[in-house]
$ cat final-v9.cif   # mmCIF, C-alpha atoms and all ligand atoms
data_structure
#
loop_
_atom_site.label_atom_id
_atom_site.label_comp_id
_atom_site.auth_asym_id
_atom_site.auth_seq_id
_atom_site.Cartn_x
_atom_site.Cartn_y
_atom_site.Cartn_z
CA MET A 1 -5.77 5.06 24.36
CA LEU A 2 -3.41 7.74 25.72
CA PRO A 3 -0.92 9.29 23.35
CA GLN A 4 2.64 8.17 24.09
CA TRP A 5 3.79 11.70 25.02
CA THR A 6 1.22 12.26 27.81
CA PRO A 7 3.20 14.06 30.54
CA LEU A 8 3.34 12.25 33.87
CA PRO A 9 1.27 14.73 35.97
CA LEU A 10 -1.52 14.60 33.40
CA LEU A 11 -1.31 10.82 33.38
CA LEU A 12 -1.67 10.68 37.17
CA LEU A 13 -4.62 13.05 37.02
CA LEU A 14 -6.32 11.00 34.32
CA LEU A 15 -5.83 7.81 36.29
CA HIS A 16 -7.10 9.47 39.44
CA GLN A 17 -10.21 10.73 37.70
CA SER A 18 -10.92 7.32 36.28
CA GLY A 19 -10.88 5.91 39.80
CA ALA A 20 -7.76 3.84 39.28
CA ALA A 21 -6.16 2.80 42.54
CA SER A 22 -3.11 1.25 41.07
CA PHE A 23 -0.71 3.68 42.78
CA CYS A 24 -1.55 2.38 46.25
CA THR A 25 0.84 -0.04 47.81
CA LYS A 26 0.23 -2.06 50.93
CA ALA A 27 1.66 0.81 53.02
CA ASP A 28 -0.65 3.38 51.43
CA GLN A 29 -4.14 3.84 52.69
CA CYS A 30 -4.96 6.27 49.97
CA ALA A 31 -7.28 4.34 47.77
CA LEU A 32 -10.76 3.09 48.17
CA GLY A 33 -10.27 2.21 51.76
CA GLN A 34 -9.36 -1.37 51.16
CA GLU A 35 -6.10 -3.16 50.79
CA ILE A 36 -5.16 -3.97 47.23
CA LYS A 37 -3.78 -7.44 46.94
CA PRO A 38 -0.91 -7.60 44.45
CA VAL A 39 -1.82 -9.86 41.56
CA ALA A 40 1.05 -11.84 40.13
CA VAL A 41 0.84 -11.48 36.37
CA PRO A 42 3.25 -13.92 34.78
CA VAL A 43 5.32 -12.17 32.15
CA PRO A 44 6.30 -14.68 29.49
CA ALA A 45 10.06 -14.85 28.93
CA GLN A 46 9.77 -14.43 25.21
CA ALA A 47 12.52 -12.99 23.05
CA ARG A 48 11.61 -9.61 21.55
CA TYR A 49 13.00 -7.78 18.55
CA ASP A 50 11.56 -4.28 19.05
CA TYR A 51 13.48 -1.84 16.87
CA THR A 52 15.88 -4.57 15.87
CA ARG A 53 17.07 -3.63 12.41
CA ILE A 54 17.96 -5.80 9.46
CA TYR A 55 20.91 -4.49 7.47
CA GLN A 56 22.25 -5.72 4.20
CA VAL A 57 25.91 -4.83 3.74
CA GLU A 58 28.15 -5.22 0.69
CA LEU A 59 31.71 -6.26 1.41
CA ALA A 60 33.86 -4.31 -1.03
CA SER A 61 37.32 -5.39 0.11
CA GLU A 62 39.37 -7.82 2.18
CA GLU A 63 39.36 -5.16 4.87
CA HIS A 64 35.54 -5.27 4.95
CA VAL A 65 35.62 -9.06 5.13
CA ARG A 66 37.99 -8.98 8.11
CA LEU A 67 35.97 -6.23 9.75
CA PHE A 68 32.74 -8.22 9.67
CA GLN A 69 34.45 -11.46 10.64
CA ALA A 70 35.76 -9.67 13.73
CA LEU A 71 32.36 -8.12 14.43
CA GLU A 72 30.59 -11.48 14.28
CA LEU A 73 33.01 -12.93 16.83
CA ALA A 74 32.89 -9.87 19.09
CA SER A 75 29.19 -9.06 19.29
CA ASP A 76 26.17 -11.17 20.04
CA SER A 77 24.03 -8.09 19.37
CA CYS A 78 24.59 -8.77 15.67
CA SER A 79 23.14 -11.99 14.25
CA PHE A 80 24.67 -12.84 10.89
CA MET A 81 22.80 -14.72 8.16
CA GLY A 82 25.87 -16.56 6.84
CA HIS A 83 29.47 -15.45 7.47
CA ALA A 84 31.72 -12.80 5.93
CA ARG A 85 33.86 -14.73 3.43
CA VAL A 86 34.81 -12.88 0.24
CA PRO A 87 34.88 -9.38 -1.26
CA GLY A 88 31.83 -8.74 -3.42
CA GLN A 89 29.60 -10.66 -1.02
CA LYS A 90 26.28 -9.30 0.27
CA LEU A 91 25.56 -10.14 3.88
CA THR A 92 22.37 -9.80 5.92
CA ILE A 93 22.82 -8.89 9.59
CA MET A 94 20.20 -8.51 12.32
CA VAL A 95 21.20 -5.73 14.74
CA THR A 96 19.49 -5.35 18.13
CA ALA A 97 18.13 -1.93 19.10
CA ALA A 98 20.81 -1.19 21.68
CA LYS A 99 23.52 -1.77 19.06
CA VAL A 100 21.97 0.21 16.18
CA ALA A 101 23.84 3.50 16.72
CA ASP A 102 27.15 1.70 17.11
CA PHE A 103 26.58 -0.44 14.03
CA ASP A 104 25.47 2.52 11.94
CA ASP A 105 28.61 4.37 12.96
CA LEU A 106 30.71 1.37 11.96
CA VAL A 107 29.33 1.09 8.43
CA HIS A 108 29.78 4.82 7.89
CA SER A 109 33.29 4.90 9.36
CA TYR A 110 34.47 2.17 6.99
CA ASN A 111 32.39 3.26 3.97
CA VAL A 112 30.44 0.04 3.81
CA THR A 113 27.63 0.20 1.27
CA HIS A 114 24.50 -0.84 3.11
CA ARG A 115 20.74 -0.93 3.03
CA ILE A 116 18.30 -1.15 5.93
CA LEU A 117 15.84 -3.90 5.10
CA ASN A 118 13.72 -3.52 8.23
CA HIS A 119 13.59 -0.97 11.08
CA ASN A 120 11.48 -2.88 13.59
CA PHE A 121 11.63 -6.63 13.22
CA GLN A 122 9.22 -7.25 16.10
CA ALA A 123 6.34 -5.80 14.08
CA LEU A 124 6.86 -8.52 11.49
CA ILE A 125 7.04 -11.21 14.18
CA ASP A 126 3.86 -9.92 15.89
CA ALA A 127 2.01 -10.07 12.57
CA ASN A 128 3.35 -13.57 11.99
CA TYR A 129 2.17 -14.83 15.39
CA ARG A 130 -1.29 -13.50 14.55
CA GLU A 131 -1.26 -15.90 11.57
CA VAL A 132 -0.96 -18.98 13.78
CA ALA A 133 -4.02 -21.22 14.03
CA PRO A 134 -5.40 -21.19 17.58
CA GLU A 135 -4.93 -23.99 20.08
CA GLY A 136 -7.58 -26.64 19.69
CA THR A 137 -7.71 -26.38 15.89
CA THR A 138 -9.05 -29.76 14.78
CA PRO A 139 -7.60 -31.90 11.98
CA GLU A 140 -10.71 -31.03 9.93
CA GLN A 141 -9.76 -27.34 10.23
CA PHE A 142 -6.11 -27.90 9.26
CA ASP A 143 -5.18 -25.68 6.30
CA TRP A 144 -2.43 -23.81 4.44
CA LYS A 145 -3.73 -20.30 5.09
CA ARG A 146 -2.20 -20.19 8.59
CA TYR A 147 0.81 -21.61 10.36
CA HIS A 148 0.25 -24.52 12.72
CA PRO A 149 1.97 -25.45 15.99
CA LEU A 150 3.53 -28.88 16.37
CA GLU A 151 0.53 -30.40 18.19
CA SER A 152 -1.85 -29.48 15.35
CA ILE A 153 0.49 -30.90 12.74
CA TYR A 154 0.82 -34.15 14.69
CA ASP A 155 -2.95 -34.37 15.28
CA TRP A 156 -3.46 -33.95 11.56
CA LEU A 157 -0.95 -36.71 10.72
CA ASP A 158 -2.65 -39.00 13.26
CA SER A 159 -6.03 -38.31 11.70
CA LEU A 160 -4.78 -39.13 8.18
CA ALA A 161 -3.50 -42.50 9.35
CA LYS A 162 -6.83 -43.20 11.06
CA LYS A 163 -8.95 -42.11 8.14
CA ARG A 164 -7.02 -43.87 5.40
CA PRO A 165 -5.14 -46.75 7.02
CA GLU A 166 -4.82 -48.59 3.70
CA VAL A 167 -2.68 -45.73 2.30
CA VAL A 168 -1.19 -43.80 5.23
CA SER A 169 0.83 -45.23 8.09
CA LEU A 170 2.12 -43.12 10.91
CA LEU A 171 5.87 -43.18 11.49
CA ASP A 172 7.65 -42.14 14.65
CA LEU A 173 11.42 -41.86 14.70
CA GLY A 174 11.43 -41.84 18.51
CA SER A 175 11.74 -38.98 20.92
CA SER A 176 13.74 -35.78 20.64
CA THR A 177 16.19 -34.33 23.19
CA GLN A 178 13.27 -32.96 25.20
CA GLY A 179 11.08 -36.02 24.75
CA LEU A 180 8.80 -35.02 21.87
CA PRO A 181 8.03 -37.59 19.19
CA ILE A 182 9.43 -37.07 15.68
CA LYS A 183 6.41 -38.01 13.61
CA GLY A 184 5.97 -38.53 9.91
CA VAL A 185 3.89 -40.53 7.48
CA ARG A 186 4.43 -43.26 4.94
CA ILE A 187 2.14 -42.92 1.94
CA ALA A 188 1.86 -46.06 -0.16
CA PHE A 189 -0.99 -46.78 -2.55
CA GLY A 190 -0.12 -50.44 -2.62
CA LYS A 191 1.79 -51.10 -5.84
CA GLU A 192 4.67 -53.53 -5.39
CA ASN A 193 8.38 -52.89 -5.76
CA LEU A 194 8.29 -49.10 -5.94
CA THR A 195 11.12 -46.77 -5.02
CA SER A 196 10.62 -44.27 -2.19
CA VAL A 197 10.99 -40.52 -1.84
CA PHE A 198 12.12 -39.30 1.60
CA VAL A 199 11.27 -35.72 2.63
CA GLU A 200 12.95 -34.16 5.67
CA SER A 201 11.65 -30.81 6.81
CA GLY A 202 11.93 -28.33 9.65
CA ILE A 203 15.46 -29.26 10.72
CA HIS A 204 15.91 -25.50 11.24
CA ALA A 205 13.20 -24.44 13.66
CA ARG A 206 12.52 -20.86 12.54
CA GLU A 207 11.96 -21.82 8.89
CA TRP A 208 8.20 -22.21 9.41
CA ILE A 209 7.47 -22.39 5.70
CA ALA A 210 9.25 -25.78 5.59
CA PRO A 211 6.80 -27.81 7.76
CA ALA A 212 3.92 -25.97 6.04
CA THR A 213 5.28 -27.08 2.67
CA ALA A 214 5.84 -30.68 3.80
CA THR A 215 2.23 -30.98 4.99
CA TYR A 216 1.09 -29.44 1.68
CA PHE A 217 3.04 -32.20 -0.14
CA ILE A 218 1.26 -34.83 1.98
CA ASP A 219 -2.15 -33.30 1.22
CA GLN A 220 -1.46 -33.11 -2.53
CA LEU A 221 -0.21 -36.69 -2.71
CA LEU A 222 -3.35 -37.92 -0.93
CA ASN A 223 -6.04 -35.60 -2.26
CA SER A 224 -5.03 -33.98 -5.55
CA GLU A 225 -7.51 -34.43 -8.35
CA ASP A 226 -4.85 -33.72 -10.96
CA PRO A 227 -4.29 -37.04 -12.82
CA VAL A 228 -0.59 -36.22 -13.29
CA VAL A 229 -0.15 -35.83 -9.52
CA GLN A 230 -2.20 -38.95 -8.83
CA GLU A 231 -0.02 -40.94 -11.22
CA MET A 232 3.16 -39.67 -9.54
CA ALA A 233 1.78 -40.32 -6.05
CA ARG A 234 1.05 -43.93 -7.00
CA SER A 235 4.37 -44.55 -8.76
CA HIS A 236 6.43 -44.08 -5.57
CA ASN A 237 6.14 -44.55 -1.87
CA TRP A 238 6.59 -41.43 0.25
CA LEU A 239 8.24 -40.99 3.64
CA ILE A 240 7.59 -37.45 4.86
CA PHE A 241 8.64 -35.87 8.19
CA PRO A 242 7.33 -32.29 8.55
CA SER A 243 9.38 -31.38 11.63
CA VAL A 244 12.53 -33.36 12.47
CA ASN A 245 13.47 -30.73 15.10
CA PRO A 246 10.28 -30.66 17.20
CA ASP A 247 11.91 -29.11 20.31
CA GLY A 248 13.23 -26.21 18.27
CA TYR A 249 9.96 -25.75 16.39
CA ARG A 250 7.95 -25.67 19.62
CA TYR A 251 10.42 -23.14 21.05
CA THR A 252 9.85 -20.77 18.12
CA PHE A 253 6.21 -20.49 19.25
CA GLN A 254 6.90 -20.16 22.96
CA GLY A 255 10.37 -18.66 23.39
CA ASP A 256 12.11 -17.19 20.38
CA ARG A 257 10.68 -16.92 16.85
CA MET A 258 14.23 -16.78 15.44
CA TRP A 259 15.50 -20.02 17.06
CA ARG A 260 17.24 -22.36 14.61
CA LYS A 261 18.94 -25.26 16.46
CA ASN A 262 17.78 -28.11 18.66
CA ARG A 263 17.46 -27.49 22.43
CA ALA A 264 20.28 -29.56 23.91
CA LEU A 265 22.06 -27.80 26.77
CA PHE A 266 25.82 -27.07 26.68
CA GLY A 267 26.97 -24.98 29.60
CA ILE A 268 25.59 -21.46 29.22
CA CYS A 269 24.09 -21.98 25.74
CA ARG A 270 21.70 -24.32 24.04
CA GLY A 271 21.42 -25.99 20.74
CA VAL A 272 23.22 -27.87 17.99
CA ASP A 273 22.61 -26.95 14.37
CA LEU A 274 21.36 -30.40 13.34
CA ASN A 275 22.18 -29.64 9.72
CA ARG A 276 25.86 -29.36 10.70
CA ASN A 277 25.83 -32.50 12.86
CA PHE A 278 25.63 -35.35 10.32
CA PRO A 279 28.55 -37.79 10.30
CA PHE A 280 30.01 -37.04 6.87
CA HIS A 281 33.03 -34.71 6.61
CA TRP A 282 31.75 -33.32 9.89
CA ASN A 283 32.92 -29.88 11.00
CA VAL A 284 35.37 -29.25 8.13
CA THR A 285 33.91 -25.94 6.98
CA GLY A 286 30.99 -23.53 7.48
CA ALA A 287 30.22 -24.66 11.03
CA SER A 288 31.16 -23.50 14.50
CA GLY A 289 32.64 -25.33 17.48
CA ASP A 290 30.99 -22.87 19.89
CA PRO A 291 27.62 -23.90 21.40
CA CYS A 292 26.60 -20.23 21.62
CA ARG A 293 26.75 -19.82 17.81
CA TYR A 294 23.85 -20.43 15.46
CA ASP A 295 25.76 -23.03 13.42
CA TYR A 296 27.28 -25.08 16.25
CA SER A 297 28.14 -28.49 14.81
CA GLY A 298 27.84 -30.33 18.14
CA PRO A 299 30.41 -31.98 20.42
CA SER A 300 30.98 -34.82 17.93
CA ALA A 301 29.70 -36.12 14.58
CA GLY A 302 26.15 -37.40 14.94
CA SER A 303 26.07 -36.45 18.63
CA GLU A 304 22.44 -35.34 18.67
CA VAL A 305 19.42 -37.52 19.36
CA GLU A 306 17.51 -36.06 16.40
CA THR A 307 20.42 -36.71 14.02
CA GLN A 308 20.69 -40.28 15.30
CA ARG A 309 16.96 -40.87 14.79
CA ILE A 310 17.15 -39.79 11.14
CA VAL A 311 20.39 -41.69 10.52
CA GLN A 312 19.04 -44.92 12.03
CA PHE A 313 15.75 -44.69 10.16
CA LEU A 314 17.43 -44.12 6.81
CA GLU A 315 20.14 -46.73 7.32
CA HIS A 316 17.51 -49.26 8.31
CA ASN A 317 15.13 -48.47 5.44
CA VAL A 318 17.23 -47.29 2.52
CA GLN A 319 17.39 -50.79 0.98
CA SER A 320 14.04 -52.24 2.07
CA GLU A 321 12.10 -49.12 1.05
CA ARG A 322 14.36 -48.53 -1.98
CA ILE A 323 14.87 -44.86 -1.07
CA ARG A 324 16.33 -43.23 -4.20
CA THR A 325 15.26 -39.63 -3.61
CA PHE A 326 16.06 -37.43 -0.63
CA ILE A 327 14.57 -33.95 -0.30
CA SER A 328 15.17 -31.51 2.53
CA LEU A 329 13.18 -28.32 2.96
CA HIS A 330 14.63 -25.02 4.21
CA SER A 331 14.18 -21.28 3.79
CA TYR A 332 14.95 -18.66 2.63
CA SER A 333 16.80 -17.69 -0.61
CA GLN A 334 14.89 -19.48 -3.41
CA MET A 335 17.36 -22.18 -4.36
CA ILE A 336 17.32 -25.83 -5.36
CA MET A 337 20.64 -27.31 -4.36
CA PHE A 338 22.43 -30.65 -4.50
CA PRO A 339 25.58 -32.01 -2.79
CA TYR A 340 28.21 -31.30 -1.82
CA GLY A 341 28.34 -28.51 0.71
CA HIS A 342 31.68 -29.36 2.29
CA SER A 343 33.83 -29.04 -0.83
CA ALA A 344 33.83 -28.04 -4.48
CA GLU A 345 34.36 -31.72 -5.38
CA ARG A 346 31.70 -32.79 -7.87
CA VAL A 347 29.47 -35.75 -7.09
CA GLU A 348 29.53 -38.59 -9.64
CA ASN A 349 26.13 -37.66 -11.12
CA TYR A 350 26.80 -33.91 -10.97
CA GLN A 351 25.68 -33.37 -14.56
CA ASP A 352 22.30 -35.05 -14.04
CA LEU A 353 21.67 -33.25 -10.74
CA LYS A 354 22.64 -29.94 -12.32
CA GLU A 355 20.32 -30.42 -15.31
CA ILE A 356 17.41 -31.74 -13.26
CA GLY A 357 17.83 -28.87 -10.78
CA GLN A 358 17.73 -26.34 -13.60
CA LEU A 359 14.59 -27.92 -15.04
CA ALA A 360 12.97 -27.80 -11.60
CA ALA A 361 13.87 -24.10 -11.27
CA GLN A 362 12.47 -23.46 -14.76
CA ARG A 363 9.26 -25.24 -13.73
CA ILE A 364 8.89 -22.82 -10.81
CA LYS A 365 9.43 -19.87 -13.12
CA ASP A 366 6.68 -21.20 -15.41
CA VAL A 367 4.31 -21.79 -12.49
CA SER A 368 4.72 -18.59 -10.50
CA GLY A 369 7.34 -16.39 -12.14
CA ARG A 370 9.63 -16.77 -9.13
CA ILE A 371 13.35 -17.11 -9.81
CA TYR A 372 15.10 -20.00 -8.05
CA LYS A 373 18.82 -20.60 -8.46
CA SER A 374 20.13 -24.13 -8.85
CA GLY A 375 23.56 -25.68 -8.33
CA SER A 376 25.63 -27.49 -5.74
CA ILE A 377 25.39 -26.20 -2.17
CA TYR A 378 29.04 -25.21 -2.22
CA GLU A 379 28.66 -23.21 -5.44
CA THR A 380 25.22 -21.73 -4.81
CA ILE A 381 24.88 -20.61 -1.21
CA TYR A 382 27.99 -21.06 0.94
CA PRO A 383 30.31 -23.86 2.06
CA SER A 384 28.92 -25.91 4.92
CA SER A 385 29.59 -29.38 6.32
CA GLY A 386 27.66 -31.96 8.30
CA GLY A 387 24.43 -31.38 6.35
CA SER A 388 21.91 -34.19 6.03
CA LYS A 389 21.90 -34.24 2.22
CA ASP A 390 25.69 -34.57 1.98
CA TRP A 391 25.43 -37.58 4.28
CA ALA A 392 22.42 -39.01 2.40
CA HIS A 393 24.22 -38.79 -0.91
CA GLY A 394 27.85 -39.37 0.09
CA HIS A 395 27.37 -42.04 2.74
CA LEU A 396 24.01 -43.66 1.97
CA LYS A 397 24.43 -43.27 -1.81
CA ILE A 398 20.92 -41.93 -2.38
CA PRO A 399 21.44 -40.63 -5.93
CA ILE A 400 18.74 -37.95 -6.25
CA THR A 401 19.35 -35.55 -3.38
CA TYR A 402 18.13 -31.97 -3.27
CA SER A 403 17.60 -29.35 -0.68
CA TYR A 404 15.27 -26.43 -1.25
CA GLU A 405 15.65 -22.95 0.10
CA LEU A 406 12.04 -21.81 -0.21
CA ARG A 407 10.72 -18.21 -0.40
CA GLY A 408 11.61 -15.36 -0.02
CA PRO A 409 14.45 -14.19 -2.23
CA ALA A 410 18.07 -14.00 -1.04
CA ASP A 411 17.68 -10.27 -0.27
CA SER A 412 14.33 -10.78 1.49
CA GLU A 413 13.30 -8.08 3.95
CA ASP A 414 11.36 -10.65 5.98
CA LEU A 415 14.06 -13.31 6.41
CA PHE A 416 12.32 -16.38 7.85
CA ILE A 417 9.11 -14.52 8.70
CA LEU A 418 7.12 -15.33 5.60
CA SER A 419 3.52 -14.17 5.59
CA ALA A 420 0.97 -16.99 5.77
CA SER A 421 -0.56 -15.73 2.53
CA GLU A 422 2.61 -17.05 0.86
CA ILE A 423 2.27 -20.62 2.14
CA GLU A 424 0.11 -21.88 -0.72
CA PRO A 425 2.05 -20.27 -3.58
CA THR A 426 5.40 -21.30 -2.03
CA ALA A 427 4.35 -24.87 -1.34
CA GLY A 428 2.63 -25.07 -4.73
CA GLU A 429 5.72 -24.08 -6.70
CA ALA A 430 7.90 -26.38 -4.55
CA PHE A 431 5.55 -29.27 -5.27
CA ALA A 432 5.64 -28.52 -9.01
CA ALA A 433 9.44 -28.60 -8.84
CA LEU A 434 9.30 -31.91 -6.96
CA GLN A 435 7.20 -33.36 -9.78
CA THR A 436 9.86 -32.26 -12.27
CA ILE A 437 12.66 -33.76 -10.18
CA VAL A 438 10.89 -37.12 -9.89
CA GLN A 439 9.84 -37.22 -13.57
CA GLU A 440 13.29 -36.29 -14.85
CA ALA A 441 15.09 -38.70 -12.52
CA GLY A 442 12.69 -41.42 -13.70
CA LYS A 443 13.48 -40.67 -17.36
CA ARG A 444 17.17 -40.99 -16.58
CA GLY A 445 16.73 -44.45 -15.10
CA TYR A 446 17.25 -43.69 -11.41
CA TYR A 447 14.18 -45.56 -10.25
CA GLN A 448 14.64 -48.89 -12.05
ZN ZN B 501 17.71 -24.07 6.99
#
$ encode --input "final-v9.cif" --output "structure tokens" --more "lines below"
Ligand SMILES: [Zn+2]
Amino acid sequence: MLPQWTPLPLLLLLLHQSGAASFCTKADQCALGQEIKPVAVPVPAQARYDYTRIYQVELASEEHVRLFQALELASDSCSFMGHARVPGQKLTIMVTAAKVADFDDLVHSYNVTHRILNHNFQALIDANYREVAPEGTTPEQFDWKRYHPLESIYDWLDSLAKKRPEVVSLLDLGSSTQGLPIKGVRIAFGKENLTSVFVESGIHAREWIAPATATYFIDQLLNSEDPVVQEMARSHNWLIFPSVNPDGYRYTFQGDRMWRKNRALFGICRGVDLNRNFPFHWNVTGASGDPCRYDYSGPSAGSEVETQRIVQFLEHNVQSERIRTFISLHSYSQMIMFPYGHSAERVENYQDLKEIGQLAAQRIKDVSGRIYKSGSIYETIYPSSGGSKDWAHGHLKIPITYSYELRGPADSEDLFILSASEIEPTAGEAFAALQTIVQEAGKRGYYQ
């Protein structure tokens, strides 16, 4: 390997000595006496984040808030994780390489306290792609030590339904915007008159830990040898969808690791944030009307195919399957949250959800030492509207409704790029918390 600073004449000499003929064009007759046919090497159009930096800024004043609100609107070289809202807030911003000098000047000019969490985000992404199981991985090789593409997850679900048809049935919500199936499983050990737990995962494409955690849940419910888990698995039926945004998830492997939305086309930009698209207090806060933004709520409430698939499935099954628990899986920030997101208004069983959420967070602390915050979405993370759990609770009246923000912590240096070595501990603590939620809700009479 040549050092990066090799001067050009030396480089030419070295190439010449090694017999390389790559400087000959068709017009040249310099090389080995034969015409070199140009070989078309397809360059994949994949988003890159070389020398993209991650900054964390602290907004000390109203002036800072206005400054960063203006910056978010003005520059698509800065991707915000959340929006500038209030003084005292910490905000994580991804800044592309070409914008770094300008951004650094800005934070110094306005005395914004800041920290650089990462200097070259691509390195993290490269490492993460190396942790993906190769194409052709069989269902027997499926595991939680690597991340899996959509096809492998679906093959694994298919194989479960084939192997254990008396317990597992394959569900398909229908096809996505780009024609992929939205597959899940129903796990039922055969007892009559049970209530069901619905798990929705992967609605945000780049949050890879979410589908990995959902498949871990499925595996535990089917294969755990822990009698407590076996008892819980058999006391409910389970409806689990590892990736309800399959187009987006596939695109994070092929196009852009940081993609969040679905892949519907709107003029020059793609994608609706499906978790801003649900038809309940749609687009009132914490969502954008601009298709080029990461939290675009869509052209109308429930406009997206994927949203409609989930809505129809739940409306059709909420009574017959007795769905009393709704869980959605996201990352990152380590939180266990309940409705609402669109306002500070408290849901009717706020006190129960608050207490159960705190017990679930305590369970995680006991299991792994990790600190998860619990509270309503509005109080805990930031106001947002059109989320699936607000709709599930507010419209469908599913009483026990939580959404997880899985690892890492709110000030994570890795954002959504969680190392595969963290899949098992993350999914394990999330599953422990799920057990607590279900046990506590049962004690309080929600499943009678
Ligand atoms: Zn999310």
$ atom_distance --input "final-v9.cif" --atom1 "atom CA of A:Ile417" --atom2 "atom CA of A:Ser176"
24.8 Å
$ residues_around --input "final-v9.cif" --residues "stretch 432-437 of chain A" --least-positions-apart "6" --cutoff "8 Å" --atoms "all atoms listed in the file" --output "ChimeraX atom specification"
/A:229,232,356-357,359-361,363-364,367
$ atom_distance --input "final-v9.cif" --atom1 "atom CA of A:Trp144" --atom2 "atom CA of A:Glu424"
6.1 Å
$ closest_residue --input "final-v9.cif" --among "A:Ser384, A:Ser169, A:Ser152, A:Asn349" --to "A:Ala133" --atoms "all atoms listed in the file"
A:Ser152
$ residues_around --input "final-v9.cif" --residues "A:Arg276" --least-positions-apart "2" --cutoff "10 Å" --atoms "all atoms listed in the file" --output "PyMOL selection string"
chain A and resi 261+272-274+278-288+295-298+301-302+307+384-388
$ closest_residue --input "final-v9.cif" --among "A:Asn262, A:Ser201, A:Ser175, A:Thr213" --to "ligand ZN 501 (chain B)" --atoms "all atoms listed in the file"
A:Ser201
$ residues_near_ligand --input "final-v9.cif" --ligand "ligand ZN 501 (chain B)" --cutoff "7 Å" --atoms "only C-alpha atoms and all ligand atoms" --output "MDAnalysis selection string"
chainID A and resid 203:204 207 330:331
$ closest_residue --input "final-v9.cif" --among "A:Leu221, A:Ile187, A:Val318, A:Leu150" --to "A:Pro242" --atoms "only C-alpha atoms"
A:Leu150
$ residues_near_point --input "final-v9.cif" --point "(7.9, -43.7, 2.1)" --cutoff "6 Å" --atoms "all atoms listed in the file" --output "ChimeraX atom specification"
/A:186-187,196-197,237-239
$ closest_residue --input "final-v9.cif" --among "A:Ile327, A:Glu379, A:Ala420, A:Gln439" --to "A:Thr401" --atoms "all atoms listed in the file"
A:Ile327
$ atom_distance --input "final-v9.cif" --atom1 "atom CA of A:Asn223" --atom2 "atom CA of A:Ala430"
16.9 Å
$ decode --input "final-v9.cif" --residues "stretch 241-254 of chain A" --atoms "N, CA and C atoms" --output "tab-separated table (two decimals), in the first residue's frame"
chain	number	residue	atom	x	y	z
A	241	PHE	N	-44.26	-7.79	14.36
A	241	PHE	CA	-43.83	-7.37	13.02
A	241	PHE	C	-42.45	-6.70	13.12
A	242	PRO	N	-41.39	-7.42	12.73
A	242	PRO	CA	-40.04	-6.87	12.92
A	242	PRO	C	-39.73	-5.63	12.08
A	243	SER	N	-40.33	-5.51	10.88
A	243	SER	CA	-40.00	-4.36	10.05
A	243	SER	C	-41.24	-3.89	9.29
A	244	VAL	N	-41.93	-2.89	9.85
A	244	VAL	CA	-43.15	-2.40	9.20
A	244	VAL	C	-42.83	-1.36	8.12
A	245	ASN	N	-41.55	-1.05	7.94
A	245	ASN	CA	-41.11	-0.14	6.87
A	245	ASN	C	-40.05	-0.85	6.03
A	246	PRO	N	-40.45	-1.91	5.31
A	246	PRO	CA	-39.44	-2.74	4.63
A	246	PRO	C	-38.69	-1.99	3.52
A	247	ASP	N	-39.35	-1.07	2.82
A	247	ASP	CA	-38.65	-0.31	1.77
A	247	ASP	C	-37.51	0.50	2.37
A	248	GLY	N	-37.82	1.17	3.47
A	248	GLY	CA	-36.81	2.00	4.13
A	248	GLY	C	-35.67	1.14	4.67
A	249	TYR	N	-36.03	0.02	5.29
A	249	TYR	CA	-35.00	-0.85	5.87
A	249	TYR	C	-34.07	-1.37	4.79
A	250	ARG	N	-34.65	-1.83	3.67
A	250	ARG	CA	-33.81	-2.31	2.56
A	250	ARG	C	-32.89	-1.19	2.07
A	251	TYR	N	-33.42	0.03	2.00
A	251	TYR	CA	-32.63	1.17	1.50
A	251	TYR	C	-31.45	1.50	2.42
A	252	THR	N	-31.58	1.21	3.71
A	252	THR	CA	-30.44	1.48	4.61
A	252	THR	C	-29.28	0.53	4.35
A	253	PHE	N	-29.54	-0.60	3.70
A	253	PHE	CA	-28.45	-1.52	3.32
A	253	PHE	C	-27.86	-1.16	1.97
A	254	GLN	N	-28.70	-0.62	1.08
A	254	GLN	CA	-28.26	-0.42	-0.30
A	254	GLN	C	-27.94	1.02	-0.64
